[in-house]
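What follows is the content of protein-v9.txt, which has compact mmCIF, C-alpha atoms (C1' of nucleotides):
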```
# COMPACT_ATOMS: atom_id res chain seq x y z
CA MET A 24 -36.52 20.97 31.04
CA ASP A 25 -37.08 23.33 33.94
CA SER A 26 -39.93 23.50 36.40
CA PRO A 27 -41.89 26.39 34.83
CA SER A 28 -41.79 24.73 31.40
CA ALA A 29 -42.96 21.44 32.87
CA ILE A 30 -45.79 23.16 34.71
CA ALA A 31 -46.83 24.93 31.52
CA ALA A 32 -46.80 21.65 29.59
CA LEU A 33 -48.69 19.71 32.25
CA GLY A 34 -51.22 22.48 32.66
CA ALA A 35 -51.73 22.58 28.93
CA LEU A 36 -52.47 18.87 28.89
CA ALA A 37 -54.71 18.93 31.97
CA GLN A 38 -57.85 19.84 30.07
CA GLU A 39 -60.33 17.60 28.33
CA HIS A 40 -60.20 19.13 24.87
CA ARG A 41 -56.48 19.78 24.91
CA LEU A 42 -55.63 16.27 26.06
CA THR A 43 -57.81 14.76 23.34
CA LEU A 44 -56.29 17.19 20.88
CA PHE A 45 -52.71 16.43 21.81
CA ARG A 46 -53.26 12.69 21.67
CA LEU A 47 -54.91 13.14 18.30
CA LEU A 48 -51.78 14.92 17.07
CA VAL A 49 -49.56 12.26 18.62
CA ARG A 50 -51.45 9.64 16.63
CA ALA A 51 -51.44 11.82 13.52
CA GLY A 52 -47.65 11.70 13.35
CA PRO A 53 -45.08 14.30 12.26
CA GLU A 54 -47.20 15.54 9.35
CA GLY A 55 -49.78 17.03 11.70
CA MET A 56 -53.30 18.22 10.96
CA ALA A 57 -54.95 21.46 9.86
CA ALA A 58 -56.78 23.49 12.48
CA GLY A 59 -60.07 23.04 10.64
CA ALA A 60 -59.69 19.27 10.45
CA ILE A 61 -58.98 19.20 14.17
CA ALA A 62 -62.07 21.29 14.90
CA ASP A 63 -64.16 18.85 12.88
CA ALA A 64 -62.64 15.85 14.62
CA LEU A 65 -63.24 17.26 18.10
CA GLY A 66 -66.56 19.02 17.54
CA VAL A 67 -65.31 22.16 19.25
CA PRO A 68 -66.10 25.72 18.01
CA ASN A 69 -63.31 27.39 16.10
CA SER A 70 -62.69 30.10 18.64
CA SER A 71 -62.40 27.60 21.48
CA LEU A 72 -60.13 25.35 19.48
CA SER A 73 -57.88 28.25 18.60
CA PHE A 74 -57.60 29.09 22.27
CA HIS A 75 -56.59 25.54 23.13
CA LEU A 76 -54.14 25.25 20.25
CA ALA A 77 -52.51 28.46 21.40
CA GLN A 78 -52.18 27.07 24.92
CA LEU A 79 -50.48 23.93 23.66
CA HIS A 80 -48.27 25.98 21.38
CA ARG A 81 -47.19 28.38 24.11
CA ALA A 82 -46.44 25.38 26.30
CA GLY A 83 -44.11 24.14 23.55
CA LEU A 84 -45.96 20.88 22.99
CA VAL A 85 -47.20 21.62 19.52
CA ARG A 86 -45.66 23.02 16.35
CA GLN A 87 -47.31 25.41 13.91
CA GLU A 88 -46.60 25.54 10.21
CA ARG A 89 -48.39 27.16 7.31
CA ARG A 90 -49.43 25.07 4.32
CA HIS A 91 -51.39 26.85 1.61
CA ARG A 92 -54.29 28.50 3.41
CA SER A 93 -54.26 26.18 6.41
CA LEU A 94 -52.22 26.08 9.56
CA LEU A 95 -50.84 22.62 10.24
CA TYR A 96 -50.34 21.65 13.85
CA SER A 97 -48.20 18.73 14.93
CA ALA A 98 -47.10 17.21 18.23
CA ASP A 99 -43.58 18.04 19.37
CA TYR A 100 -42.27 14.62 20.33
CA ASP A 101 -39.04 15.98 21.71
CA ALA A 102 -40.93 18.20 24.12
CA MET A 103 -43.09 15.27 25.20
CA ASN A 104 -40.04 13.11 25.82
CA ARG A 105 -38.31 15.85 27.79
CA LEU A 106 -41.40 16.26 29.95
CA VAL A 107 -41.58 12.55 30.71
CA ALA A 108 -37.87 12.44 31.48
CA TYR A 109 -38.28 15.38 33.85
CA LEU A 110 -41.07 13.62 35.72
CA MET A 111 -39.07 10.42 36.18
CA GLU A 112 -35.75 12.10 36.93
CA ASN A 113 -33.66 10.30 39.52
CA CYS A 114 -36.42 7.80 40.10
CA CYS A 115 -35.75 5.87 43.32
CA GLY A 116 -32.61 7.91 43.90
CA GLY A 117 -31.27 6.69 40.56
CA GLN A 118 -30.56 3.17 41.76
CA ALA A 119 -32.96 0.62 40.33
CA CYS A 120 -34.55 2.73 37.62
CA ALA A 121 -33.35 4.10 34.31
CA PRO A 122 -36.30 4.60 31.95
CA GLU A 123 -35.06 7.08 29.35
CA THR A 124 -37.08 5.64 26.54
CA ALA A 125 -38.85 7.94 24.15
CA CYS A 126 -40.91 8.27 21.06
CA THR A 127 -38.58 7.78 18.12
CA ALA A 128 -40.28 10.18 15.73
CA THR A 129 -37.70 12.90 16.13
CA GLU A 130 -36.80 15.69 13.79
CA ASP A 131 -34.74 13.35 11.63
CA THR A 132 -37.65 11.03 11.05
CA ARG A 133 -39.73 14.05 10.22
CA ARG A 134 -37.33 15.30 7.57
CA LYS A 135 -37.22 11.88 5.95
CA LYS A 136 -41.00 11.78 5.71
CA ALA A 137 -41.34 15.36 4.47
CA MET B 13 -56.02 4.77 31.93
CA ASP B 14 -59.02 6.78 30.81
CA SER B 15 -59.27 10.44 29.91
CA PRO B 16 -60.73 11.75 33.21
CA SER B 17 -58.03 9.97 35.21
CA ALA B 18 -55.33 11.36 32.98
CA ILE B 19 -56.73 14.87 33.28
CA ALA B 20 -56.86 14.53 37.06
CA ALA B 21 -53.25 13.32 37.14
CA LEU B 22 -51.96 16.00 34.78
CA GLY B 23 -53.87 18.71 36.61
CA ALA B 24 -52.46 17.51 39.90
CA LEU B 25 -48.94 17.80 38.53
CA ALA B 26 -49.47 21.17 36.87
CA GLN B 27 -48.71 23.20 39.96
CA GLU B 28 -45.41 24.42 41.28
CA HIS B 29 -45.56 22.90 44.75
CA ARG B 30 -47.19 19.66 43.66
CA LEU B 31 -44.71 19.09 40.83
CA THR B 32 -41.80 19.66 43.19
CA LEU B 33 -43.48 17.44 45.74
CA PHE B 34 -44.14 14.60 43.33
CA ARG B 35 -40.60 14.66 41.99
CA LEU B 36 -39.34 14.67 45.55
CA LEU B 37 -41.35 11.51 46.20
CA VAL B 38 -40.15 9.96 42.94
CA ARG B 39 -36.58 10.52 44.08
CA ALA B 40 -37.40 9.33 47.59
CA GLY B 41 -38.28 5.87 46.30
CA PRO B 42 -40.89 3.35 47.41
CA GLU B 43 -40.41 4.05 51.11
CA GLY B 44 -41.84 7.51 50.80
CA MET B 45 -41.67 10.44 53.23
CA ALA B 46 -43.72 11.69 56.16
CA ALA B 47 -45.96 14.70 55.59
CA GLY B 48 -44.00 16.75 58.08
CA ALA B 49 -40.68 15.96 56.45
CA ILE B 50 -42.13 17.00 53.11
CA ALA B 51 -43.40 20.28 54.53
CA ASP B 52 -39.93 20.99 55.89
CA ALA B 53 -38.29 20.12 52.58
CA LEU B 54 -40.60 22.35 50.58
CA GLY B 55 -41.03 25.22 53.02
CA VAL B 56 -44.79 25.17 52.60
CA PRO B 57 -47.27 25.63 55.48
CA ASN B 58 -48.86 22.44 56.76
CA SER B 59 -52.35 23.32 55.67
CA SER B 60 -51.23 24.12 52.14
CA LEU B 61 -49.17 20.98 51.92
CA SER B 62 -52.06 18.87 53.11
CA PHE B 63 -54.20 20.37 50.37
CA HIS B 64 -51.64 19.51 47.73
CA LEU B 65 -51.04 16.01 49.06
CA ALA B 66 -54.78 15.41 48.93
CA GLN B 67 -54.88 16.55 45.31
CA LEU B 68 -52.11 14.16 44.34
CA HIS B 69 -53.73 11.37 46.31
CA ARG B 70 -57.15 11.86 44.76
CA ALA B 71 -55.47 11.89 41.36
CA GLY B 72 -54.01 8.48 42.20
CA LEU B 73 -50.39 9.57 41.89
CA VAL B 74 -49.47 9.16 45.51
CA ARG B 75 -50.02 6.51 48.16
CA GLN B 76 -50.80 7.11 51.80
CA GLU B 77 -49.76 4.82 54.63
CA ARG B 78 -49.65 5.25 58.36
CA ARG B 79 -46.40 4.60 60.24
CA HIS B 80 -46.43 5.29 63.96
CA ARG B 81 -47.79 8.79 64.32
CA SER B 82 -46.87 9.95 60.84
CA LEU B 83 -48.48 9.56 57.47
CA LEU B 84 -46.02 8.32 54.87
CA TYR B 85 -46.60 9.43 51.30
CA SER B 86 -44.97 7.72 48.34
CA ALA B 87 -45.12 8.09 44.56
CA ASP B 88 -47.23 5.54 42.72
CA TYR B 89 -44.89 4.50 39.93
CA ASP B 90 -47.49 2.37 38.22
CA ALA B 91 -49.82 5.33 37.93
CA MET B 92 -47.01 7.45 36.55
CA ASN B 93 -46.17 4.81 33.97
CA ARG B 94 -49.79 4.43 32.94
CA LEU B 95 -50.08 8.17 32.49
CA VAL B 96 -47.01 8.32 30.28
CA ALA B 97 -48.22 5.36 28.24
CA TYR B 98 -51.58 7.06 27.77
CA LEU B 99 -49.92 10.19 26.47
CA MET B 100 -47.79 8.33 23.95
CA GLU B 101 -50.49 5.86 22.89
CA ASN B 102 -50.40 4.98 19.21
CA CYS B 103 -47.65 7.45 18.61
CA CYS B 104 -47.31 8.12 14.86
CA GLY B 105 -50.17 5.75 14.18
CA GLY B 106 -48.24 2.98 15.92
CA GLN B 107 -45.72 2.56 13.11
CA ALA B 108 -42.29 3.81 14.00
CA CYS B 109 -42.75 4.23 17.73
CA ALA B 110 -43.13 1.81 20.61
CA PRO B 111 -41.81 3.40 23.83
CA GLU B 112 -43.47 1.43 26.60
CA THR B 113 -40.60 1.80 28.99
CA ALA B 114 -41.27 2.52 32.60
CA CYS B 115 -39.86 3.02 36.02
CA THR B 116 -38.99 -0.44 37.33
CA ALA B 117 -39.81 0.22 40.98
CA THR B 118 -43.11 -1.64 40.86
CA GLU B 119 -45.01 -3.24 43.67
CA ASP B 120 -42.70 -6.26 43.60
CA THR B 121 -39.64 -4.15 44.13
CA ARG B 122 -41.46 -2.44 46.93
CA ARG B 123 -42.28 -5.69 48.70
CA LYS B 124 -38.68 -6.82 48.42
CA LYS B 125 -37.43 -3.62 50.00
CA ALA B 126 -40.06 -3.61 52.75
C1' DC C 16 -57.86 44.82 -6.15
C1' DT C 17 -61.59 42.01 -4.72
C1' DG C 18 -63.79 38.04 -2.93
C1' DT C 19 -63.37 34.07 -0.19
C1' DC C 20 -61.69 30.74 2.80
C1' DA C 21 -59.18 29.53 7.20
C1' DT C 22 -58.01 30.93 11.52
C1' DT C 23 -57.36 34.06 15.33
C1' DT C 24 -58.48 37.92 18.58
C1' DC C 25 -61.74 40.28 21.51
C1' DC C 26 -64.87 40.37 25.28
C1' DA C 27 -67.93 39.28 28.97
C1' DT C 28 -69.52 35.61 31.83
C1' DG C 29 -69.28 31.66 34.80
C1' DA C 30 -66.45 28.26 37.01
C1' DT C 31 -62.51 26.40 39.17
C1' DT C 32 -58.23 26.79 41.97
C1' DA C 33 -54.48 28.41 45.44
C1' DT C 34 -53.49 30.32 49.86
C1' DC C 35 -52.81 29.87 54.92
C1' DG C 36 -54.21 30.83 59.86
C1' DA C 37 -57.02 28.84 63.26
C1' DA C 38 -59.48 25.10 65.00
C1' DA C 39 -60.63 20.15 64.88
C1' DA C 40 -59.53 15.32 64.42
C1' DG C 41 -56.84 11.05 64.68
C1' DA C 42 -53.17 7.98 66.95
C1' DG C 43 -50.02 6.62 70.27
C1' DG C 44 -47.59 6.71 74.53
C1' DT C 45 -47.86 6.79 79.71
C1' DA D 1 -58.31 8.73 80.78
C1' DC D 2 -55.03 12.29 79.52
C1' DC D 3 -51.52 14.62 77.02
C1' DT D 4 -48.88 15.37 72.97
C1' DC D 5 -47.55 15.07 68.41
C1' DT D 6 -48.98 14.98 63.59
C1' DT D 7 -51.99 16.00 60.05
C1' DT D 8 -56.38 17.47 58.13
C1' DT D 9 -60.59 20.41 57.70
C1' DC D 10 -62.78 24.91 57.62
C1' DG D 11 -63.50 29.38 55.66
C1' DA D 12 -62.80 33.60 53.32
C1' DT D 13 -60.12 35.91 49.76
C1' DA D 14 -57.65 36.49 45.50
C1' DA D 15 -56.30 34.80 41.24
C1' DT D 16 -56.54 32.10 37.10
C1' DC D 17 -58.98 29.65 33.42
C1' DA D 18 -62.80 28.00 29.89
C1' DT D 19 -66.40 29.26 26.78
C1' DG D 20 -68.35 30.81 22.25
C1' DG D 21 -70.37 34.39 19.18
C1' DA D 22 -68.97 38.32 16.54
C1' DA D 23 -65.53 40.94 14.36
C1' DA D 24 -60.80 41.27 12.62
C1' DT D 25 -56.70 39.30 10.43
C1' DG D 26 -53.98 36.80 7.05
C1' DA D 27 -53.32 34.30 2.72
C1' DC D 28 -54.26 32.95 -1.64
C1' DA D 29 -56.88 32.74 -6.46
C1' DG D 30 -58.78 35.10 -10.25
```
Rewrite the structure of this file - the entire thing - as structure tokens.
Amino acid sequence: MDSPSAIAALGALAQEHRLTLFRLLVRAGPEGMAAGAIADALGVPNSSLSFHLAQLHRAGLVRQERRHRSLLYSADYDAMNRLVAYLMENCCGGQACAPETACTATEDTRRKKA
Amino acid sequence: MDSPSAIAALGALAQEHRLTLFRLLVRAGPEGMAAGAIADALGVPNSSLSFHLAQLHRAGLVRQERRHRSLLYSADYDAMNRLVAYLMENCCGGQACAPETACTATEDTRRKKA
DNA sequence: CTGTCATTTCCATGATTATCGAAAAGAGGT
DNA sequence: ACCTCTTTTCGATAATCATGGAAATGACAG
């Protein structure tokens, strides 16, 4: 993870609707949710939601996949973990701290479920 | 951690200088750094740096403490950990994932060092 | 090929944010 | 009380971002 990517990701999350949306997708798991279902859940107009989804997608935090007529969006756990690791990098000069823990729903888990 | 606090924290970090600054303080450890030393390290004018430090402070990510004539700023590891936990909350519906790891330089560590 | 459903793009408006020089404010030391 | 060092506030400018209705796009079923 480099600085511009981290800034893009943090900026994408630093907005009421997008933060709610991302956390919704984190809870939803690797299967994700359709754009319409998300719009219903958040009570946000379609055009606004599309804008926010695009922001999260460009920031690399969210994946897009077509299923029938819908677009399924899902949280990218790897990206989230990389972002967290970047924030905590060399914490305390690397002496006392070594977090490195992450959400375990990686690509492998996803393939199993799918 | 509630949503407005998380948005404030994420927004504070979503800026080139502030992200660099926060990571600098994370590396610096619980002792922190003086505002002037930070300005030198980042090559940012004093007035700009003060603005960014205030943003991080209002977002609760950074602590302020006077030492002689200088103001020492240090990263608030607890706040960082709470933010990360908020992001990953109920990951995958709480089934496969339970990260919960954090930087260990908490207040106790700080008191020991000080 | 046509109709329909799901989603995105366009566009104008209003709101927030970053920048940095100059001046003010706060804290010690003497 | 005064001087000096450190940091913050002020203020104007430029840039970026959020919003939502209307129109366009893309995908599938019949």
Least-squares fit of chain A onto chain B (C-alpha, ordered pairing) as a PDB file with C-alpha atoms, in the coordinates of the input:
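What ended up in part-v2.pdb:
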```pdb
ATOM      1  CA  MET A  24     -56.031   4.775  31.904  1.00  0.00           C
ATOM      2  CA  ASP A  25     -59.024   6.800  30.793  1.00  0.00           C
ATOM      3  CA  SER A  26     -59.272  10.453  29.899  1.00  0.00           C
ATOM      4  CA  PRO A  27     -60.730  11.764  33.188  1.00  0.00           C
ATOM      5  CA  SER A  28     -58.040   9.977  35.212  1.00  0.00           C
ATOM      6  CA  ALA A  29     -55.319  11.363  32.970  1.00  0.00           C
ATOM      7  CA  ILE A  30     -56.727  14.867  33.268  1.00  0.00           C
ATOM      8  CA  ALA A  31     -56.858  14.527  37.044  1.00  0.00           C
ATOM      9  CA  ALA A  32     -53.250  13.321  37.145  1.00  0.00           C
ATOM     10  CA  LEU A  33     -51.960  16.010  34.796  1.00  0.00           C
ATOM     11  CA  GLY A  34     -53.869  18.706  36.621  1.00  0.00           C
ATOM     12  CA  ALA A  35     -52.466  17.493  39.899  1.00  0.00           C
ATOM     13  CA  LEU A  36     -48.945  17.779  38.546  1.00  0.00           C
ATOM     14  CA  ALA A  37     -49.489  21.158  36.874  1.00  0.00           C
ATOM     15  CA  GLN A  38     -48.737  23.181  39.979  1.00  0.00           C
ATOM     16  CA  GLU A  39     -45.424  24.389  41.306  1.00  0.00           C
ATOM     17  CA  HIS A  40     -45.570  22.865  44.768  1.00  0.00           C
ATOM     18  CA  ARG A  41     -47.198  19.640  43.668  1.00  0.00           C
ATOM     19  CA  LEU A  42     -44.728  19.067  40.851  1.00  0.00           C
ATOM     20  CA  THR A  43     -41.794  19.638  43.195  1.00  0.00           C
ATOM     21  CA  LEU A  44     -43.489  17.415  45.734  1.00  0.00           C
ATOM     22  CA  PHE A  45     -44.146  14.580  43.328  1.00  0.00           C
ATOM     23  CA  ARG A  46     -40.614  14.649  41.974  1.00  0.00           C
ATOM     24  CA  LEU A  47     -39.336  14.644  45.530  1.00  0.00           C
ATOM     25  CA  LEU A  48     -41.346  11.481  46.187  1.00  0.00           C
ATOM     26  CA  VAL A  49     -40.158   9.951  42.923  1.00  0.00           C
ATOM     27  CA  ARG A  50     -36.581  10.487  44.069  1.00  0.00           C
ATOM     28  CA  ALA A  51     -37.398   9.289  47.579  1.00  0.00           C
ATOM     29  CA  GLY A  52     -38.285   5.834  46.281  1.00  0.00           C
ATOM     30  CA  PRO A  53     -40.919   3.309  47.394  1.00  0.00           C
ATOM     31  CA  GLU A  54     -40.380   4.004  51.098  1.00  0.00           C
ATOM     32  CA  GLY A  55     -41.837   7.493  50.786  1.00  0.00           C
ATOM     33  CA  MET A  56     -41.648  10.402  53.207  1.00  0.00           C
ATOM     34  CA  ALA A  57     -43.674  11.682  56.154  1.00  0.00           C
ATOM     35  CA  ALA A  58     -45.918  14.678  55.588  1.00  0.00           C
ATOM     36  CA  GLY A  59     -43.936  16.732  58.092  1.00  0.00           C
ATOM     37  CA  ALA A  60     -40.619  15.949  56.425  1.00  0.00           C
ATOM     38  CA  ILE A  61     -42.100  16.983  53.095  1.00  0.00           C
ATOM     39  CA  ALA A  62     -43.364  20.255  54.560  1.00  0.00           C
ATOM     40  CA  ASP A  63     -39.880  20.972  55.884  1.00  0.00           C
ATOM     41  CA  ALA A  64     -38.264  20.117  52.569  1.00  0.00           C
ATOM     42  CA  LEU A  65     -40.610  22.347  50.574  1.00  0.00           C
ATOM     43  CA  GLY A  66     -41.049  25.213  53.029  1.00  0.00           C
ATOM     44  CA  VAL A  67     -44.810  25.170  52.578  1.00  0.00           C
ATOM     45  CA  PRO A  68     -47.309  25.654  55.469  1.00  0.00           C
ATOM     46  CA  ASN A  69     -48.880  22.477  56.756  1.00  0.00           C
ATOM     47  CA  SER A  70     -52.383  23.325  55.664  1.00  0.00           C
ATOM     48  CA  SER A  71     -51.267  24.105  52.122  1.00  0.00           C
ATOM     49  CA  LEU A  72     -49.173  20.975  51.923  1.00  0.00           C
ATOM     50  CA  SER A  73     -52.061  18.858  53.115  1.00  0.00           C
ATOM     51  CA  PHE A  74     -54.215  20.337  50.390  1.00  0.00           C
ATOM     52  CA  HIS A  75     -51.648  19.488  47.733  1.00  0.00           C
ATOM     53  CA  LEU A  76     -51.030  15.990  49.062  1.00  0.00           C
ATOM     54  CA  ALA A  77     -54.756  15.365  48.961  1.00  0.00           C
ATOM     55  CA  GLN A  78     -54.885  16.520  45.344  1.00  0.00           C
ATOM     56  CA  LEU A  79     -52.109  14.144  44.351  1.00  0.00           C
ATOM     57  CA  HIS A  80     -53.723  11.353  46.322  1.00  0.00           C
ATOM     58  CA  ARG A  81     -57.147  11.848  44.769  1.00  0.00           C
ATOM     59  CA  ALA A  82     -55.479  11.879  41.367  1.00  0.00           C
ATOM     60  CA  GLY A  83     -54.029   8.456  42.209  1.00  0.00           C
ATOM     61  CA  LEU A  84     -50.411   9.537  41.887  1.00  0.00           C
ATOM     62  CA  VAL A  85     -49.469   9.151  45.504  1.00  0.00           C
ATOM     63  CA  ARG A  86     -49.996   6.493  48.157  1.00  0.00           C
ATOM     64  CA  GLN A  87     -50.780   7.091  51.820  1.00  0.00           C
ATOM     65  CA  GLU A  88     -49.755   4.811  54.641  1.00  0.00           C
ATOM     66  CA  ARG A  89     -49.649   5.253  58.387  1.00  0.00           C
ATOM     67  CA  ARG A  90     -46.418   4.635  60.276  1.00  0.00           C
ATOM     68  CA  HIS A  91     -46.476   5.328  64.001  1.00  0.00           C
ATOM     69  CA  ARG A  92     -47.788   8.870  64.325  1.00  0.00           C
ATOM     70  CA  SER A  93     -46.817   9.970  60.828  1.00  0.00           C
ATOM     71  CA  LEU A  94     -48.436   9.563  57.465  1.00  0.00           C
ATOM     72  CA  LEU A  95     -45.988   8.312  54.861  1.00  0.00           C
ATOM     73  CA  TYR A  96     -46.570   9.397  51.296  1.00  0.00           C
ATOM     74  CA  SER A  97     -44.958   7.702  48.329  1.00  0.00           C
ATOM     75  CA  ALA A  98     -45.106   8.062  44.553  1.00  0.00           C
ATOM     76  CA  ASP A  99     -47.237   5.526  42.707  1.00  0.00           C
ATOM     77  CA  TYR A 100     -44.906   4.468  39.918  1.00  0.00           C
ATOM     78  CA  ASP A 101     -47.515   2.348  38.218  1.00  0.00           C
ATOM     79  CA  ALA A 102     -49.835   5.321  37.931  1.00  0.00           C
ATOM     80  CA  MET A 103     -47.018   7.445  36.529  1.00  0.00           C
ATOM     81  CA  ASN A 104     -46.170   4.808  33.944  1.00  0.00           C
ATOM     82  CA  ARG A 105     -49.802   4.417  32.927  1.00  0.00           C
ATOM     83  CA  LEU A 106     -50.088   8.172  32.473  1.00  0.00           C
ATOM     84  CA  VAL A 107     -47.012   8.319  30.262  1.00  0.00           C
ATOM     85  CA  ALA A 108     -48.225   5.359  28.229  1.00  0.00           C
ATOM     86  CA  TYR A 109     -51.584   7.067  27.755  1.00  0.00           C
ATOM     87  CA  LEU A 110     -49.918  10.218  26.460  1.00  0.00           C
ATOM     88  CA  MET A 111     -47.795   8.343  23.926  1.00  0.00           C
ATOM     89  CA  GLU A 112     -50.485   5.890  22.851  1.00  0.00           C
ATOM     90  CA  ASN A 113     -50.402   5.025  19.169  1.00  0.00           C
ATOM     91  CA  CYS A 114     -47.619   7.499  18.586  1.00  0.00           C
ATOM     92  CA  CYS A 115     -47.254   8.166  14.849  1.00  0.00           C
ATOM     93  CA  GLY A 116     -50.153   5.832  14.140  1.00  0.00           C
ATOM     94  CA  GLY A 117     -48.232   3.025  15.835  1.00  0.00           C
ATOM     95  CA  GLN A 118     -45.732   2.598  13.024  1.00  0.00           C
ATOM     96  CA  ALA A 119     -42.278   3.844  13.930  1.00  0.00           C
ATOM     97  CA  CYS A 120     -42.732   4.241  17.666  1.00  0.00           C
ATOM     98  CA  ALA A 121     -43.087   1.819  20.544  1.00  0.00           C
ATOM     99  CA  PRO A 122     -41.857   3.427  23.772  1.00  0.00           C
ATOM    100  CA  GLU A 123     -43.468   1.395  26.551  1.00  0.00           C
ATOM    101  CA  THR A 124     -40.608   1.790  28.941  1.00  0.00           C
ATOM    102  CA  ALA A 125     -41.297   2.508  32.566  1.00  0.00           C
ATOM    103  CA  CYS A 126     -39.899   2.982  35.990  1.00  0.00           C
ATOM    104  CA  THR A 127     -39.048  -0.455  37.322  1.00  0.00           C
ATOM    105  CA  ALA A 128     -39.845   0.211  40.967  1.00  0.00           C
ATOM    106  CA  THR A 129     -43.128  -1.642  40.913  1.00  0.00           C
ATOM    107  CA  GLU A 130     -45.015  -3.227  43.741  1.00  0.00           C
ATOM    108  CA  ASP A 131     -42.725  -6.250  43.709  1.00  0.00           C
ATOM    109  CA  THR A 132     -39.641  -4.147  44.210  1.00  0.00           C
ATOM    110  CA  ARG A 133     -41.448  -2.384  46.995  1.00  0.00           C
ATOM    111  CA  ARG A 134     -42.270  -5.587  48.842  1.00  0.00           C
ATOM    112  CA  LYS A 135     -38.671  -6.738  48.599  1.00  0.00           C
ATOM    113  CA  LYS A 136     -37.443  -3.497  50.130  1.00  0.00           C
ATOM    114  CA  ALA A 137     -40.085  -3.411  52.865  1.00  0.00           C
TER     115      ALA A 137
END
```
### Message
Taking all atoms listed in the file into account and nothing else, which residues of chain D lie no more than 10 Å away from chain B? Please answer as a count of residues only.
### Response
5
#### Entry: Residue neighbourhood DT25 in chain D, 12 Å, only C-alpha atoms (C1' of nucleotides), exclusion window fewer than 5 positions, as an NGL selection string
:C and (21-24)
### Task
Can you check which residues of chain A have any atom within 6 Å of chain B? Use all atoms listed in the file and format it as a ChimeraX atom specification.
/A:30,33-34,37,49-52,113-116,120,122,124-127
### Task
Just need the residues of chain C within 10 Å of chain B, counting all atoms listed in the file, so spit them out as a ChimeraX atom specification.
/C:33-36,41-43
### Atomic distance C1' of DT19 in chain C - CA of Ala60 in chain A, expressed in Å with one decimal
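Straight-line distance from C1' of DT19 in chain C to CA of Ala60 in chain A works out to 18.6 Å.
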